$ cat data-v3.txt   # compact mmCIF, C-alpha atoms and all ligand atoms
# COMPACT_ATOMS: atom_id res chain seq x y z
CA MET B 1 74.99 110.48 81.98
CA THR B 2 74.57 110.09 85.75
CA LYS B 3 77.82 110.01 87.69
CA THR B 4 78.14 107.67 90.65
CA VAL B 5 79.80 108.64 93.91
CA ILE B 6 80.57 106.41 96.87
CA LEU B 7 80.08 108.13 100.21
CA GLY B 8 80.81 106.94 103.73
CA VAL B 9 82.36 107.57 107.12
CA ILE B 10 85.63 105.69 107.47
CA GLY B 11 87.00 103.67 110.38
CA SER B 12 85.17 103.37 113.69
CA ASP B 13 83.63 106.81 113.30
CA ALA B 14 79.86 106.91 113.93
CA HIS B 15 79.02 110.56 113.08
CA VAL B 16 76.18 110.22 110.60
CA VAL B 17 74.63 113.69 110.20
CA GLY B 18 77.28 115.08 107.83
CA ILE B 19 77.07 112.27 105.28
CA THR B 20 73.29 112.36 105.38
CA ILE B 21 73.42 116.02 104.37
CA LEU B 22 76.05 115.30 101.74
CA GLU B 23 74.00 112.41 100.34
CA GLN B 24 70.95 114.64 99.95
CA ALA B 25 72.95 117.49 98.42
CA PHE B 26 74.76 115.29 95.88
CA GLU B 27 71.54 113.50 94.94
CA ALA B 28 69.75 116.83 94.47
CA ALA B 29 72.65 117.87 92.22
CA GLY B 30 72.04 114.86 90.00
CA PHE B 31 74.64 112.39 91.22
CA ASP B 32 73.88 108.76 91.90
CA VAL B 33 74.99 108.34 95.54
CA ILE B 34 75.90 105.02 97.14
CA ASN B 35 75.95 105.79 100.86
CA LEU B 36 77.92 103.18 102.80
CA GLY B 37 76.96 104.81 106.09
CA VAL B 38 79.14 105.05 109.18
CA GLN B 39 81.98 102.79 110.35
CA SER B 40 82.94 101.78 106.83
CA SER B 41 86.23 100.03 106.13
CA GLN B 42 88.70 100.93 103.39
CA GLU B 43 87.76 97.67 101.66
CA GLU B 44 84.07 98.62 101.63
CA PHE B 45 84.88 101.90 99.86
CA VAL B 46 87.07 100.15 97.29
CA ASP B 47 84.65 97.27 96.73
CA ALA B 48 81.72 99.65 96.27
CA ALA B 49 83.67 101.82 93.83
CA THR B 50 84.50 98.72 91.79
CA ALA B 51 81.00 97.25 91.94
CA HIS B 52 79.29 100.49 90.93
CA ASP B 53 81.93 101.68 88.47
CA ALA B 54 82.06 104.93 90.47
CA GLU B 55 83.58 108.20 89.29
CA ALA B 56 84.36 109.40 92.81
CA VAL B 57 84.82 108.28 96.40
CA LEU B 58 83.93 110.75 99.16
CA VAL B 59 85.40 109.84 102.53
CA SER B 60 84.13 111.50 105.69
CA SER B 61 85.83 111.52 109.07
CA LEU B 62 84.79 113.53 112.12
CA TYR B 63 86.31 111.97 115.20
CA GLY B 64 89.96 112.92 114.67
CA HIS B 65 91.45 109.60 113.53
CA ALA B 66 91.39 110.10 109.77
CA LYS B 67 95.16 109.80 109.38
CA GLN B 68 95.23 106.32 110.88
CA ASP B 69 92.00 105.24 109.19
CA CYS B 70 93.20 106.31 105.73
CA GLU B 71 96.68 104.82 105.92
CA GLY B 72 97.14 102.53 102.90
CA PHE B 73 93.80 103.55 101.38
CA HIS B 74 95.23 104.81 98.11
CA GLN B 75 97.36 101.68 97.76
CA LYS B 76 94.15 99.64 97.92
CA VAL B 77 92.56 102.00 95.38
CA ALA B 78 95.55 101.47 93.06
CA ASP B 79 95.60 97.71 93.62
CA ALA B 80 91.95 97.60 92.54
CA GLY B 81 92.82 99.49 89.34
CA LEU B 82 90.83 102.54 90.42
CA GLU B 83 93.52 105.20 89.89
CA ASP B 84 91.13 107.22 87.73
CA VAL B 85 88.56 107.48 90.49
CA THR B 86 88.49 110.94 92.09
CA THR B 87 88.94 110.78 95.87
CA TYR B 88 87.87 113.48 98.32
CA ILE B 89 88.07 113.56 102.09
CA GLY B 90 86.36 115.96 104.47
CA GLY B 91 85.32 116.64 108.04
CA ASN B 92 87.25 117.12 111.27
CA LEU B 93 90.35 115.45 109.93
CA ALA B 94 92.76 116.01 112.79
CA VAL B 95 92.44 116.31 116.54
CA GLY B 96 92.23 120.03 117.22
CA GLN B 97 92.74 121.06 113.59
CA ASP B 98 94.82 124.12 114.48
CA ASP B 99 96.28 124.61 111.01
CA PHE B 100 94.00 123.21 108.34
CA GLU B 101 96.46 124.00 105.55
CA GLU B 102 98.90 121.53 107.14
CA THR B 103 96.09 118.98 107.40
CA ARG B 104 95.15 119.57 103.78
CA LYS B 105 98.76 119.14 102.68
CA PHE B 106 99.02 115.87 104.60
CA PHE B 107 95.93 114.33 103.03
CA ARG B 108 96.85 115.60 99.56
CA GLN B 109 100.18 113.83 99.96
CA MET B 110 98.29 110.71 100.98
CA GLY B 111 96.64 110.81 97.59
CA PHE B 112 93.29 112.58 98.05
CA ASP B 113 92.44 114.89 95.15
CA ARG B 114 90.75 117.42 97.41
CA VAL B 115 90.55 117.93 101.16
CA PHE B 116 87.66 119.77 102.83
CA ASP B 117 87.27 121.12 106.33
CA SER B 118 84.18 120.85 108.52
CA GLU B 119 82.96 124.31 107.46
CA THR B 120 82.57 123.19 103.87
CA ASP B 121 79.32 124.04 102.16
CA PRO B 122 78.21 120.87 100.31
CA GLU B 123 77.58 123.06 97.24
CA ASP B 124 81.31 123.88 97.10
CA ALA B 125 82.18 120.18 97.11
CA ILE B 126 79.61 119.56 94.38
CA GLU B 127 81.03 122.37 92.29
CA ALA B 128 84.54 121.01 92.76
CA LEU B 129 83.50 117.52 91.77
CA ARG B 130 81.68 118.77 88.70
CA ALA B 131 84.82 120.61 87.68
CA ASP B 132 87.02 117.59 88.38
CA LEU B 133 84.73 115.29 86.44
CA ASP B 134 84.44 117.85 83.69
CA MET B 135 80.68 117.90 84.14
CA ARG B 136 80.24 121.59 84.55
CA SER B 137 77.60 122.94 82.22
CA SER B 138 78.25 126.21 80.42
CA GLU B 139 75.45 127.80 82.42
CA SER B 140 76.87 126.96 85.83
CA GLU B 141 80.33 127.89 84.60
CA GLN B 142 79.17 131.49 84.27
CA GLU B 143 78.07 131.49 87.90
CA SER B 144 80.95 129.51 89.37
CA HIS B 145 83.61 130.66 91.74
CA THR B 146 86.96 129.09 92.47
CA VAL B 147 86.96 126.33 95.07
CA SER B 148 90.13 125.97 97.08
CA ALA B 149 90.37 122.51 98.61
C1 LIG G 1 76.69 114.89 117.34
C2 LIG G 1 78.12 114.57 117.71
C3 LIG G 1 78.38 113.29 118.21
C4 LIG G 1 77.32 112.21 118.32
C5 LIG G 1 77.18 111.55 116.92
C6 LIG G 1 75.77 111.03 116.69
C7 LIG G 1 75.63 110.48 115.31
N1 LIG G 1 75.24 109.23 115.21
O1 LIG G 1 75.91 111.15 114.34
C8 LIG G 1 77.95 111.27 119.39
C9 LIG G 1 77.52 111.72 120.76
C10 LIG G 1 77.66 109.77 119.21
C11 LIG G 1 79.44 111.61 119.22
C12 LIG G 1 80.45 110.76 119.61
C13 LIG G 1 81.80 111.10 119.55
N2 LIG G 1 82.32 112.29 119.20
CO1 LIG G 1 81.27 113.72 118.40
N3 LIG G 1 80.40 115.28 117.85
C14 LIG G 1 79.16 115.53 117.55
C15 LIG G 1 79.04 117.03 117.16
C16 LIG G 1 78.46 117.77 118.37
C17 LIG G 1 78.17 117.33 115.95
C18 LIG G 1 78.49 116.52 114.70
C19 LIG G 1 77.44 116.82 113.67
O2 LIG G 1 76.48 116.06 113.52
N4 LIG G 1 77.57 117.96 112.98
C20 LIG G 1 76.60 118.45 111.99
C21 LIG G 1 77.02 118.02 110.58
C22 LIG G 1 76.04 118.59 109.56
O3 LIG G 1 78.30 118.56 110.32
P1 LIG G 1 79.58 117.67 110.07
O4 LIG G 1 79.41 116.35 110.74
O5 LIG G 1 80.77 118.48 110.43
O6 LIG G 1 79.58 117.40 108.49
C23 LIG G 1 79.71 118.46 107.56
C24 LIG G 1 81.16 118.86 107.27
O7 LIG G 1 82.10 118.36 108.19
C25 LIG G 1 81.41 118.40 105.88
N5 LIG G 1 81.96 117.06 105.66
C26 LIG G 1 82.01 115.99 106.48
N6 LIG G 1 82.56 114.95 105.86
C27 LIG G 1 82.85 115.33 104.60
C28 LIG G 1 83.40 114.64 103.51
C29 LIG G 1 83.57 115.30 102.31
C30 LIG G 1 84.17 114.57 101.14
C31 LIG G 1 83.18 116.65 102.18
C32 LIG G 1 83.32 117.37 100.90
C33 LIG G 1 82.64 117.36 103.27
C34 LIG G 1 82.47 116.68 104.46
O8 LIG G 1 80.14 118.43 105.27
C35 LIG G 1 79.16 117.98 106.24
C36 LIG G 1 77.80 118.53 105.88
O9 LIG G 1 77.79 119.93 105.90
C37 LIG G 1 80.53 117.42 116.87
C38 LIG G 1 80.91 118.87 117.16
C39 LIG G 1 80.49 119.79 116.07
N7 LIG G 1 79.87 120.87 116.44
O10 LIG G 1 80.74 119.50 114.89
C40 LIG G 1 81.29 116.42 117.76
C41 LIG G 1 82.68 115.98 117.38
C42 LIG G 1 82.73 115.67 115.88
N8 LIG G 1 82.83 114.74 118.13
C43 LIG G 1 84.02 114.58 118.59
C44 LIG G 1 84.47 113.45 119.32
C45 LIG G 1 85.88 113.51 119.90
C46 LIG G 1 83.64 112.36 119.57
C47 LIG G 1 84.00 111.09 120.32
C48 LIG G 1 85.38 110.49 120.00
C49 LIG G 1 83.85 111.42 121.81
C50 LIG G 1 84.23 110.30 122.75
N9 LIG G 1 85.37 110.48 123.41
O11 LIG G 1 83.53 109.33 122.86
C51 LIG G 1 82.86 110.13 119.93
C52 LIG G 1 83.24 109.28 118.71
C53 LIG G 1 82.27 108.12 118.55
C54 LIG G 1 82.46 107.45 117.23
N10 LIG G 1 82.76 106.16 117.24
O12 LIG G 1 82.34 108.08 116.20
C55 LIG G 1 84.93 115.74 118.25
C56 LIG G 1 85.98 115.42 117.20
C57 LIG G 1 87.27 116.11 117.55
C58 LIG G 1 88.28 116.19 116.46
N11 LIG G 1 88.13 115.62 115.29
O13 LIG G 1 89.25 116.85 116.69
C59 LIG G 1 83.90 116.86 117.86
C60 LIG G 1 84.38 117.87 116.82
C61 LIG G 1 83.54 117.60 119.19
C62 LIG G 1 84.69 118.40 119.74
N12 LIG G 1 84.71 119.70 119.51
O14 LIG G 1 85.57 117.87 120.36
N13 LIG G 1 79.59 112.83 118.66
$ encode --input "data-v3.txt" --output "structure tokens" --more "lines below"
Ligand code: B12
Amino acid sequence: MTKTVILGVIGSDAHVVGITILEQAFEAAGFDVINLGVQSSQEEFVDAATAHDAEAVLVSSLYGHAKQDCEGFHQKVADAGLEDVTTYIGGNLAVGQDDFEETRKFFRQMGFDRVFDSETDPEDAIEALRADLDMRSSESEQESHTVSA
């Protein structure tokens, strides 16, 4: 069965190239992608996940304000009864991004299931989501490698 993912760039961020690539990669991998585009609010992510009965929400942020833009996001997810929805975030998540492990820890504590940096190959995110959604076929399992995110 096709799995639906909600994708968008959060806050006032207008960087569109990354999510366009992610949209194409996830669609090619067989996911049904609802692309909210840039400058999407927390409410738009939550409403779309509810409306489309999504399995996952993929949040992108490039301009360095992800911490502020994601504050309270997982409370809204919980309030909407979407605790089972897998949430990922990726991009340039902090200004400077000197120590990505610290950044990853911060966003994991915020509630994101996985946190990806701007060097992420979309295929790694797809592999991680397949694993998280238990979609991995036995064939791809043989070829898989561990994704740390
Ligand atoms: C093009 C660009 C712009 C264009 C955007 C045009 C457009 N409509 O897209 C313009 C000129 C408008 C722009 C504006 C700004 N930008 Co700019 N921009 C860039 C630039 C040069 C390239 C971005 C890009 O398209 N990359 C190519 C795509 C393919 O890569 P990507 O976006 O990183 O996405 C990939 C990964 O990050 C990852 N990914 C992204 N999201 C997610 C989510 C998930 C779930 C997963 C798994 C993976 C993932 O997968 C993507 C695909 O491979 C980068 C520098 C750089 N080299 O990255 C700066 C950069 C992102 N911009 C930056 C900044 C600061 C700004 C401005 C704030 C500048 C200003 N003072 O006005 C504004 C913000 C405007 C706004 N409201 O958003 C900074 C951010 C700094 C930070 N975070 O620490 C950067 C890093 C430049 C820098 N080195 O300082 N920018």
$ atom_distance --input "data-v3.txt" --atom1 "atom C62 of ligand LIG 1 (chain G)" --atom2 "atom CA of Gly64 of chain B"
9.1 Å
$ residues_near_ligand --input "data-v3.txt" --ligand "ligand LIG 1 (chain G)" --cutoff "8 Å" --atoms "all atoms listed in the file" --output "PyMOL selection string"
chain B and resi 7+9+12-22+39+57-65+88-97+115-122+124-126
$ residues_near_point --input "data-v3.txt" --point "(92.5, 99.6, 96.4)" --cutoff "10 Å" --atoms "only C-alpha atoms" --output "ChimeraX atom specification"
/B:42-47,49-50,72-83
$ atom_distance --input "data-v3.txt" --atom1 "atom CA of Ala56 of chain B" --atom2 "atom CA of Phe106 of chain B"
19.9 Å
$ closest_residue --input "data-v3.txt" --among "B:Ala128, B:Met1, B:Ala54, B:Cys70" --to "Phe112 of chain B" --atoms "all atoms listed in the file"
B:Cys70
$ atom_distance --input "data-v3.txt" --atom1 "atom CA of Ala28 of chain B" --atom2 "atom CA of Asp69 of chain B"
29.1 Å
$ closest_residue --input "data-v3.txt" --among "B:Ser41, B:Asn35, B:Thr2, B:Thr87" --to "Gln68 of chain B" --atoms "all atoms listed in the file"
B:Ser41
$ residues_around --input "data-v3.txt" --residues "Asp32 of chain B" --least-positions-apart "2" --cutoff "10 Å" --atoms "all atoms listed in the file" --output "PyMOL selection string"
chain B and resi 2-6+23+26-30+34-35+52+54
$ write_last_selection --input "data-v3.txt" --atoms "C-alpha atoms" --output "short mmCIF file (atom, residue, chain, number, x, y, z; two decimals), in the coordinates of the input"
data_model
loop_
_atom_site.label_atom_id
_atom_site.label_comp_id
_atom_site.auth_asym_id
_atom_site.auth_seq_id
_atom_site.Cartn_x
_atom_site.Cartn_y
_atom_site.Cartn_z
CA THR B 2 74.57 110.09 85.75
CA LYS B 3 77.82 110.01 87.69
CA THR B 4 78.14 107.67 90.65
CA VAL B 5 79.80 108.64 93.91
CA ILE B 6 80.57 106.41 96.87
CA GLU B 23 74.00 112.41 100.34
CA PHE B 26 74.76 115.29 95.88
CA GLU B 27 71.54 113.50 94.94
CA ALA B 28 69.75 116.83 94.47
CA ALA B 29 72.65 117.87 92.22
CA GLY B 30 72.04 114.86 90.00
CA ILE B 34 75.90 105.02 97.14
CA ASN B 35 75.95 105.79 100.86
CA HIS B 52 79.29 100.49 90.93
CA ALA B 54 82.06 104.93 90.47
#
$ decode --input "data-v3.txt" --residues "segment 57-88 of chain B" --atoms "N, CA and C atoms" --output "short mmCIF file (atom, residue, chain, number, x, y, z; two decimals), in the first residue's frame"
data_model
loop_
_atom_site.label_atom_id
_atom_site.label_comp_id
_atom_site.auth_asym_id
_atom_site.auth_seq_id
_atom_site.Cartn_x
_atom_site.Cartn_y
_atom_site.Cartn_z
N VAL B 57 5.88 13.00 8.38
CA VAL B 57 5.99 14.43 8.08
C VAL B 57 7.48 14.75 7.98
N LEU B 58 7.88 15.30 6.84
CA LEU B 58 9.28 15.65 6.61
C LEU B 58 9.40 17.17 6.59
N VAL B 59 10.07 17.71 7.60
CA VAL B 59 10.22 19.15 7.73
C VAL B 59 11.60 19.55 7.24
N SER B 60 11.65 20.58 6.40
CA SER B 60 12.92 21.09 5.91
C SER B 60 13.12 22.51 6.42
N SER B 61 14.38 22.82 6.75
CA SER B 61 14.71 24.19 7.16
C SER B 61 16.15 24.47 6.77
N LEU B 62 16.36 25.56 6.07
CA LEU B 62 17.70 25.88 5.55
C LEU B 62 18.28 27.16 6.11
N TYR B 63 17.44 28.08 6.54
CA TYR B 63 17.94 29.43 6.81
C TYR B 63 18.41 29.67 8.24
N GLY B 64 18.45 28.64 9.06
CA GLY B 64 19.06 28.76 10.38
C GLY B 64 18.11 29.06 11.52
N HIS B 65 16.79 29.06 11.26
CA HIS B 65 15.84 29.40 12.32
C HIS B 65 14.94 28.22 12.70
N ALA B 66 15.42 27.02 12.47
CA ALA B 66 14.58 25.84 12.70
C ALA B 66 14.16 25.71 14.17
N LYS B 67 15.05 26.05 15.07
CA LYS B 67 14.69 25.88 16.49
C LYS B 67 13.45 26.70 16.84
N GLN B 68 13.46 27.96 16.44
CA GLN B 68 12.31 28.82 16.71
C GLN B 68 11.08 28.34 15.95
N ASP B 69 11.27 27.98 14.69
CA ASP B 69 10.13 27.62 13.85
C ASP B 69 9.47 26.32 14.30
N CYS B 70 10.24 25.45 14.97
CA CYS B 70 9.69 24.14 15.36
C CYS B 70 9.22 24.10 16.82
N GLU B 71 9.39 25.20 17.52
CA GLU B 71 8.96 25.24 18.92
C GLU B 71 7.46 24.96 19.00
N GLY B 72 7.08 23.99 19.81
CA GLY B 72 5.66 23.66 19.98
C GLY B 72 5.08 22.78 18.89
N PHE B 73 5.90 22.42 17.91
CA PHE B 73 5.38 21.62 16.78
C PHE B 73 4.86 20.26 17.26
N HIS B 74 5.65 19.58 18.07
CA HIS B 74 5.22 18.24 18.48
C HIS B 74 4.04 18.28 19.45
N GLN B 75 3.84 19.39 20.12
CA GLN B 75 2.62 19.53 20.94
C GLN B 75 1.41 19.59 20.02
N LYS B 76 1.55 20.32 18.92
CA LYS B 76 0.43 20.40 17.95
C LYS B 76 0.18 19.02 17.31
N VAL B 77 1.26 18.31 17.03
CA VAL B 77 1.13 16.95 16.48
C VAL B 77 0.36 16.07 17.46
N ALA B 78 0.73 16.15 18.74
CA ALA B 78 0.06 15.35 19.77
C ALA B 78 -1.40 15.78 19.94
N ASP B 79 -1.63 17.08 19.95
CA ASP B 79 -3.00 17.60 20.11
C ASP B 79 -3.92 17.12 18.99
N ALA B 80 -3.33 16.91 17.81
CA ALA B 80 -4.12 16.44 16.67
C ALA B 80 -4.25 14.91 16.66
N GLY B 81 -3.68 14.26 17.67
CA GLY B 81 -3.77 12.80 17.75
C GLY B 81 -2.87 12.10 16.75
N LEU B 82 -1.77 12.75 16.38
CA LEU B 82 -0.89 12.20 15.34
C LEU B 82 0.42 11.65 15.93
N GLU B 83 0.38 11.17 17.16
CA GLU B 83 1.61 10.69 17.81
C GLU B 83 2.28 9.56 17.03
N ASP B 84 1.49 8.80 16.26
CA ASP B 84 2.07 7.68 15.52
C ASP B 84 2.72 8.09 14.21
N VAL B 85 2.57 9.35 13.85
CA VAL B 85 3.17 9.83 12.60
C VAL B 85 4.67 10.03 12.82
N THR B 86 5.47 9.48 11.91
CA THR B 86 6.93 9.63 11.99
C THR B 86 7.31 11.04 11.55
N THR B 87 8.16 11.71 12.34
CA THR B 87 8.56 13.07 11.98
C THR B 87 10.07 13.14 11.79
N TYR B 88 10.48 13.68 10.65
CA TYR B 88 11.89 13.92 10.34
C TYR B 88 12.08 15.41 10.13
#
